[in-house]
file query-v5.cif (mmCIF, C-alpha atoms)
data_data
#
loop_
_atom_site.label_atom_id
_atom_site.label_comp_id
_atom_site.auth_asym_id
_atom_site.auth_seq_id
_atom_site.Cartn_x
_atom_site.Cartn_y
_atom_site.Cartn_z
CA MET N 161 -102.55 -94.27 -123.84
CA SER N 162 -99.48 -92.07 -124.16
CA ILE N 163 -95.95 -93.31 -123.52
CA ASP N 164 -95.69 -91.30 -120.29
CA ARG N 165 -98.96 -92.69 -118.94
CA ARG N 166 -97.96 -96.26 -119.84
CA ARG N 167 -94.60 -95.74 -118.18
CA LEU N 168 -96.31 -94.32 -115.09
CA PHE N 169 -98.75 -97.25 -115.03
CA GLY N 170 -95.87 -99.72 -115.35
CA TRP N 171 -93.91 -98.15 -112.49
CA GLY N 172 -97.02 -97.98 -110.34
CA THR N 173 -97.80 -101.65 -110.96
CA ALA N 174 -94.23 -102.69 -110.17
CA GLU N 175 -94.22 -100.70 -106.93
CA ALA N 176 -97.57 -102.18 -105.92
CA VAL N 177 -96.25 -105.73 -106.49
CA ILE N 178 -93.14 -104.99 -104.42
CA VAL N 179 -95.18 -103.51 -101.56
CA VAL N 180 -97.60 -106.46 -101.51
CA ALA N 181 -94.72 -108.97 -101.62
CA ALA N 182 -92.99 -107.17 -98.74
CA LEU N 183 -96.10 -106.86 -96.58
CA PHE N 184 -97.62 -110.27 -97.25
CA PRO N 185 -95.49 -112.14 -94.65
CA ILE N 186 -96.45 -109.50 -92.06
CA MET N 187 -100.11 -109.80 -92.97
CA TRP N 188 -99.89 -113.59 -92.72
CA LEU N 189 -98.21 -113.31 -89.31
CA ILE N 190 -100.95 -110.97 -88.06
CA SER N 191 -103.57 -113.39 -89.39
CA LEU N 192 -101.99 -116.33 -87.54
CA SER N 193 -101.83 -114.33 -84.32
CA LEU N 194 -105.58 -113.60 -84.50
CA LYS N 195 -106.72 -117.17 -85.18
CA THR N 196 -107.91 -119.75 -82.69
CA PRO N 197 -105.93 -123.02 -82.29
CA ALA N 198 -108.70 -124.83 -84.20
CA THR N 199 -108.46 -122.55 -87.27
CA VAL N 200 -104.74 -121.71 -87.31
CA GLY N 201 -104.07 -124.28 -90.04
CA ASP N 202 -107.02 -123.51 -92.32
CA GLY N 203 -104.87 -121.58 -94.83
CA ARG N 204 -107.13 -118.50 -94.80
CA LEU N 205 -105.57 -115.06 -94.80
CA ILE N 206 -108.62 -113.50 -93.14
CA PRO N 207 -109.43 -115.41 -89.94
CA LYS N 208 -112.78 -117.14 -89.86
CA GLU N 209 -112.91 -116.67 -86.08
CA TRP N 210 -111.18 -113.62 -84.60
CA SER N 211 -109.46 -114.05 -81.25
CA PHE N 212 -106.97 -112.10 -79.12
CA ASP N 213 -106.33 -115.05 -76.83
CA ASN N 214 -102.84 -115.54 -78.27
CA TYR N 215 -101.84 -112.01 -77.21
CA SER N 216 -103.29 -112.35 -73.73
CA SER N 217 -101.79 -115.81 -73.25
CA ILE N 218 -98.18 -114.80 -73.96
CA PHE N 219 -98.31 -112.05 -71.32
CA HIS N 220 -99.34 -114.68 -68.79
CA GLN N 221 -96.17 -116.65 -69.50
CA ASP N 222 -93.21 -115.68 -67.33
CA ILE N 223 -90.78 -116.70 -70.04
CA PHE N 224 -92.11 -113.99 -72.40
CA THR N 225 -92.49 -111.15 -69.89
CA LYS N 226 -89.01 -111.74 -68.48
CA ALA N 227 -87.53 -112.05 -71.97
CA LEU N 228 -89.24 -108.79 -72.98
CA ARG N 229 -87.77 -107.05 -69.93
CA ASN N 230 -84.33 -108.43 -70.79
CA SER N 231 -84.62 -107.29 -74.43
CA ILE N 232 -85.59 -103.74 -73.44
CA GLY N 233 -82.87 -103.44 -70.79
CA ILE N 234 -80.03 -104.99 -72.79
CA ALA N 235 -80.85 -103.07 -75.99
CA ALA N 236 -81.20 -99.75 -74.12
CA ILE N 237 -77.94 -100.16 -72.18
CA SER N 238 -76.05 -101.24 -75.31
CA THR N 239 -77.38 -98.20 -77.19
CA VAL N 240 -76.48 -95.68 -74.49
CA ILE N 241 -72.94 -97.05 -74.01
CA ALA N 242 -72.24 -97.44 -77.73
CA VAL N 243 -73.49 -93.97 -78.69
CA THR N 244 -71.71 -92.25 -75.78
CA LEU N 245 -68.33 -93.88 -76.42
CA ALA N 246 -68.66 -93.61 -80.19
CA SER N 247 -69.47 -89.88 -79.97
CA LEU N 248 -66.27 -89.21 -78.03
CA ALA N 249 -64.15 -91.43 -80.27
CA ALA N 250 -65.63 -90.06 -83.50
CA TYR N 251 -65.13 -86.50 -82.25
CA ALA N 252 -61.46 -87.21 -81.55
CA ILE N 253 -60.97 -88.87 -84.94
CA ALA N 254 -62.62 -85.98 -86.77
CA ARG N 255 -61.06 -83.18 -84.70
CA LEU N 256 -57.51 -84.37 -84.11
CA ASP N 257 -54.82 -85.05 -86.67
CA PHE N 258 -52.80 -88.12 -85.76
CA PRO N 259 -51.17 -90.94 -87.75
CA GLY N 260 -53.22 -94.07 -88.34
CA LYS N 261 -56.58 -92.31 -88.37
CA ARG N 262 -57.64 -93.82 -91.68
CA LEU N 263 -56.46 -97.23 -90.50
CA ILE N 264 -58.68 -96.95 -87.41
CA LEU N 265 -61.73 -96.09 -89.51
CA GLY N 266 -60.99 -98.95 -91.93
CA ALA N 267 -60.56 -101.39 -89.04
CA SER N 268 -63.82 -100.14 -87.47
CA LEU N 269 -65.77 -100.84 -90.64
CA THR N 270 -64.12 -104.26 -91.03
CA ILE N 271 -64.94 -105.31 -87.46
CA ALA N 272 -68.54 -104.10 -87.84
CA MET N 273 -68.97 -106.37 -90.88
CA PHE N 274 -67.39 -109.40 -89.20
CA PRO N 275 -69.78 -112.40 -89.07
CA PRO N 276 -70.98 -112.77 -85.43
CA VAL N 277 -71.24 -116.55 -85.69
CA SER N 278 -67.45 -116.83 -86.00
CA ILE N 279 -66.84 -115.68 -82.40
CA VAL N 280 -69.74 -117.40 -80.67
CA GLY N 281 -67.75 -120.58 -79.94
CA PRO N 282 -64.77 -118.85 -78.26
CA LEU N 283 -67.08 -116.50 -76.37
CA TYR N 284 -69.12 -119.43 -75.04
CA ASP N 285 -66.07 -121.04 -73.42
CA MET N 286 -64.65 -117.70 -72.24
CA TRP N 287 -67.93 -116.48 -70.74
CA ARG N 288 -68.44 -119.72 -68.78
CA THR N 289 -64.94 -119.37 -67.36
CA LEU N 290 -65.38 -115.69 -66.44
CA GLY N 291 -68.91 -116.09 -65.06
CA LEU N 292 -70.48 -113.92 -67.76
CA TYR N 293 -72.58 -116.73 -69.26
CA ASP N 294 -76.32 -116.12 -68.96
CA THR N 295 -75.91 -112.51 -67.77
CA TRP N 296 -76.83 -109.11 -69.21
CA ALA N 297 -73.16 -108.15 -69.43
CA GLY N 298 -72.49 -111.35 -71.35
CA LEU N 299 -74.72 -110.05 -74.15
CA ILE N 300 -73.94 -106.34 -73.94
CA ILE N 301 -70.19 -106.89 -74.42
CA PRO N 302 -70.44 -108.80 -77.74
CA TYR N 303 -73.07 -106.31 -78.95
CA MET N 304 -70.59 -103.52 -78.25
CA THR N 305 -67.95 -105.41 -80.23
CA PHE N 306 -69.96 -104.94 -83.41
CA THR N 307 -72.04 -101.82 -82.81
CA LEU N 308 -69.32 -99.58 -81.37
CA PRO N 309 -67.05 -99.71 -84.47
CA LEU N 310 -70.04 -99.12 -86.73
CA ALA N 311 -71.15 -96.19 -84.57
CA ILE N 312 -67.66 -94.67 -84.66
CA PHE N 313 -67.48 -95.00 -88.43
CA THR N 314 -70.94 -93.48 -88.90
CA LEU N 315 -70.54 -90.60 -86.47
CA SER N 316 -67.07 -89.63 -87.69
CA ALA N 317 -68.62 -88.75 -91.07
CA PHE N 318 -70.93 -86.25 -89.35
CA PHE N 319 -68.33 -84.72 -87.07
CA ARG N 320 -65.92 -84.19 -89.98
CA GLU N 321 -68.35 -81.86 -91.74
CA ILE N 322 -69.11 -79.65 -88.74
CA PRO N 323 -67.46 -76.21 -89.06
CA TRP N 324 -64.95 -76.09 -86.22
CA GLU N 325 -65.06 -72.30 -86.20
CA LEU N 326 -68.25 -72.66 -84.16
CA GLU N 327 -66.37 -74.54 -81.47
CA GLN N 328 -63.61 -71.94 -81.46
CA ALA N 329 -66.19 -69.14 -81.22
CA ALA N 330 -67.83 -70.86 -78.24
CA GLN N 331 -64.47 -71.20 -76.49
CA MET N 332 -63.72 -67.52 -77.15
CA ASP N 333 -67.03 -66.73 -75.41
CA GLY N 334 -65.79 -68.57 -72.35
CA ALA N 335 -66.97 -72.14 -72.91
CA THR N 336 -64.68 -75.00 -71.93
CA PRO N 337 -63.84 -77.65 -74.56
CA ALA N 338 -66.34 -80.01 -72.89
CA GLN N 339 -69.07 -77.34 -72.91
CA ALA N 340 -68.36 -76.47 -76.55
CA PHE N 341 -68.65 -80.14 -77.47
CA ARG N 342 -71.85 -80.69 -75.48
CA LYS N 343 -73.66 -77.45 -76.32
CA VAL N 344 -72.43 -76.67 -79.84
CA ILE N 345 -70.97 -79.71 -81.62
CA LEU N 346 -73.26 -82.45 -80.32
CA PRO N 347 -76.56 -80.71 -81.29
CA LEU N 348 -75.24 -80.20 -84.82
CA ALA N 349 -74.52 -83.92 -85.05
CA ALA N 350 -77.97 -84.85 -83.67
CA PRO N 351 -79.23 -86.50 -86.93
CA GLY N 352 -76.18 -88.75 -86.98
CA VAL N 353 -76.49 -89.54 -83.27
CA PHE N 354 -80.19 -90.45 -83.67
CA THR N 355 -79.44 -92.61 -86.70
CA THR N 356 -76.60 -94.39 -84.93
CA ALA N 357 -78.66 -94.95 -81.78
CA ILE N 358 -81.50 -96.50 -83.75
CA LEU N 359 -79.15 -98.79 -85.70
CA VAL N 360 -77.50 -99.97 -82.47
CA PHE N 361 -80.85 -100.54 -80.76
CA ILE N 362 -82.20 -102.54 -83.71
CA TYR N 363 -79.06 -104.70 -83.81
CA ALA N 364 -79.32 -105.56 -80.11
CA TRP N 365 -83.11 -105.99 -80.26
CA ASN N 366 -83.03 -108.38 -83.24
CA ASP N 367 -79.98 -110.44 -82.30
CA PHE N 368 -80.61 -114.17 -82.16
CA ILE N 369 -77.18 -115.84 -82.42
CA PHE N 370 -75.59 -114.38 -79.26
CA ALA N 371 -78.83 -114.47 -77.28
CA LEU N 372 -79.33 -118.15 -78.12
CA SER N 373 -75.72 -119.24 -77.55
CA LEU N 374 -74.78 -117.18 -74.49
CA THR N 375 -77.95 -117.58 -72.39
CA SER N 376 -79.91 -120.54 -71.12
CA THR N 377 -82.48 -119.21 -68.63
CA THR N 378 -84.86 -116.30 -68.18
CA ARG N 379 -82.13 -114.52 -66.23
CA ALA N 380 -80.79 -112.91 -69.43
CA GLN N 381 -82.60 -114.60 -72.32
CA THR N 382 -84.11 -112.10 -74.77
CA VAL N 383 -87.30 -112.47 -76.80
CA PRO N 384 -85.93 -114.01 -80.06
CA PRO N 385 -84.59 -117.22 -78.43
CA ALA N 386 -87.38 -117.26 -75.83
CA ILE N 387 -90.04 -117.59 -78.52
CA GLN N 388 -88.76 -121.02 -79.46
CA SER N 389 -89.53 -122.20 -75.91
CA PHE N 390 -93.25 -121.51 -76.24
CA THR N 391 -95.52 -124.47 -75.77
CA GLY N 392 -99.06 -125.11 -76.91
CA VAL N 393 -102.11 -125.64 -74.77
CA SER N 394 -101.28 -129.36 -74.78
CA GLN N 395 -98.41 -131.50 -76.04
CA PHE N 396 -100.39 -132.14 -79.21
CA THR N 397 -101.02 -128.44 -79.96
CA ALA N 398 -98.47 -126.37 -81.89
CA PRO N 399 -97.88 -122.88 -80.40
CA THR N 400 -98.20 -121.25 -83.83
CA GLY N 401 -100.60 -118.50 -82.73
CA ALA N 402 -98.59 -117.63 -79.62
CA ILE N 403 -95.33 -117.44 -81.61
CA ALA N 404 -97.00 -115.20 -84.20
CA ALA N 405 -98.40 -112.93 -81.47
CA ALA N 406 -94.99 -112.66 -79.79
CA ALA N 407 -93.35 -111.84 -83.12
CA ILE N 408 -95.86 -109.03 -83.69
CA ILE N 409 -95.30 -107.68 -80.16
CA VAL N 410 -91.51 -107.46 -80.58
CA THR N 411 -91.89 -105.88 -84.02
CA ILE N 412 -94.12 -103.03 -82.81
CA PRO N 413 -91.37 -101.07 -80.94
CA ILE N 414 -89.12 -101.08 -84.02
CA VAL N 415 -91.96 -99.93 -86.28
CA ILE N 416 -92.95 -97.15 -83.86
CA MET N 417 -89.34 -96.05 -83.50
CA VAL N 418 -88.79 -95.88 -87.26
CA LEU N 419 -92.07 -94.03 -87.87
CA PHE N 420 -91.47 -91.59 -85.01
CA PHE N 421 -87.87 -90.80 -85.99
CA GLN N 422 -88.37 -91.28 -89.73
CA ARG N 423 -87.34 -87.75 -90.66
CA ARG N 424 -84.24 -87.84 -88.50
CA ILE N 425 -83.26 -91.29 -89.82
CA VAL N 426 -83.58 -90.16 -93.43
CA ALA N 427 -81.70 -86.94 -92.69
CA GLY N 428 -78.98 -88.84 -90.88
CA LEU N 429 -78.49 -91.51 -93.52
CA THR N 430 -78.56 -88.96 -96.33
CA ALA N 431 -76.11 -86.64 -94.63
CA GLY N 432 -73.76 -89.52 -93.86
CA ALA N 433 -73.88 -90.74 -97.46
CA VAL N 434 -73.21 -87.32 -98.94
CA LYS N 435 -70.67 -86.07 -96.46
CA GLY N 436 -68.90 -89.36 -95.73
#
call {"tool": "encode", "arguments": {"input": "query-v5.cif", "output": "structure tokens"}}
result
Amino acid sequence: MSIDRRRLFGWGTAEAVIVVAALFPIMWLISLSLKTPATVGDGRLIPKEWSFDNYSSIFHQDIFTKALRNSIGIAAISTVIAVTLASLAAYAIARLDFPGKRLILGASLTIAMFPPVSIVGPLYDMWRTLGLYDTWAGLIIPYMTFTLPLAIFTLSAFFREIPWELEQAAQMDGATPAQAFRKVILPLAAPGVFTTAILVFIYAWNDFIFALSLTSTTRAQTVPPAIQSFTGVSQFTAPTGAIAAAAIIVTIPIVIMVLFFQRRIVAGLTAGAVKG
């Protein structure tokens, strides 16, 4: 075997090991979700008895359906608000020349990387005083605290590289500044907007710390903390299969979103890395 073929075989083997290691927990989770309560602890990867009862049972539990509705609504609202405000702010930062611009971008990146657990305690007391505890707004606001700075930092890299002569040409043709931004600048920044929107949605969808600490009922509780409230068929039965089924259900939207917008995500991340 030549050196090139051995090198190719070695890289192929390494990649296969990495893919199997990454997918094995998902495969195990799918296996648990398809097992019956009697066989869930048999240690087999391929279920001996196939069953979809776990999937049907979780949709008959109000706690899961309401939590799923809350997750979709809170993540969607957070994404729309964050991307809209960040687009305007990033456009101003990229287009206008004013002192402190670099400081704003540096502060945005710092705030985005701040550990969420450090502000949960103060927010808990503040939200109970202000009446925001266990509400949608009580989760959307802290999500905006972290996603908006990250969105501004990401989008500013895209807006900076857009040739502003296009905007000036549009205004010379009679477009207002708002129309030039909406019809000329924003479409050119579409890869960055899509990438930012997906990152914000995933952050809000996957959050566990805020959702667990700032909610207590199905009024605003999202899926991640709601899963821990699942119960088995009886007090002696562990809800392993139901938890696995719920985990698969909440993972599907993210997988579909990434697969559907894969090209735009790659284009957005690549453009941001090169141009930023």
call {"tool": "closest_residue", "arguments": {"input": "query-v5.cif", "among": "N:Ala364, N:Leu205, N:Val353, N:Leu374", "to": "N:Ile312", "atoms": "all atoms listed in the file"}}
result
N:Val353
call {"tool": "residues_near_point", "arguments": {"input": "query-v5.cif", "point": "(-72.7, -105.6, -74.4)", "cutoff": "9 Å", "atoms": "all atoms listed in the file", "output": "ChimeraX atom specification"}}
result
/N:234-235,237-238,241-242,296-305,364
call {"tool": "atom_distance", "arguments": {"input": "query-v5.cif", "atom1": "atom CA of N:Leu265", "atom2": "atom CA of N:Leu308"}}
result
11.7 Å
call {"tool": "atom_distance", "arguments": {"input": "query-v5.cif", "atom1": "atom CA of N:Trp324", "atom2": "atom CA of N:Ile264"}}
result
21.8 Å
call {"tool": "closest_residue", "arguments": {"input": "query-v5.cif", "among": "N:Thr382, N:Thr411, N:Ser376, N:Thr270", "to": "N:Phe224", "atoms": "all atoms listed in the file"}}
result
N:Thr382
call {"tool": "closest_residue", "arguments": {"input": "query-v5.cif", "among": "N:Trp188, N:Tyr284, N:Tyr293, N:Tyr215", "to": "N:Thr377", "atoms": "all atoms listed in the file"}}
result
N:Tyr293
call {"tool": "closest_residue", "arguments": {"input": "query-v5.cif", "among": "N:Phe219, N:Phe212, N:Trp171, N:Tyr251", "to": "N:Phe313", "atoms": "all atoms listed in the file"}}
result
N:Tyr251
call {"tool": "resolve_selection", "arguments": {"input": "query-v5.cif", "expression": "the PyMOL selection byres ((chain N and resi 403) around 10)", "output": "list in words"}}
result
Leu189, Leu192, Ser193, Asn214, Tyr215, Ile218, Ala386, Ile387, Gln388, Ser389, Phe390, Thr391, Gly392, Ala398, Pro399, Thr400, Gly401, Ala402, Ala404, Ala405, Ala406, Ala407, Ile408 and Ile409 of chain N
call {"tool": "atom_distance", "arguments": {"input": "query-v5.cif", "atom1": "atom CA of N:Ser268", "atom2": "atom CA of N:Ala357"}}
result
16.7 Å
call {"tool": "closest_residue", "arguments": {"input": "query-v5.cif", "among": "N:Ile358, N:Ala246, N:Ala252, N:Ile223", "to": "N:Leu315", "atoms": "all atoms listed in the file"}}
result
N:Ala246
call {"tool": "closest_residue", "arguments": {"input": "query-v5.cif", "among": "N:Val200, N:Ala380, N:Ile369, N:Leu263", "to": "N:Pro276", "atoms": "all atoms listed in the file"}}
result
N:Ile369
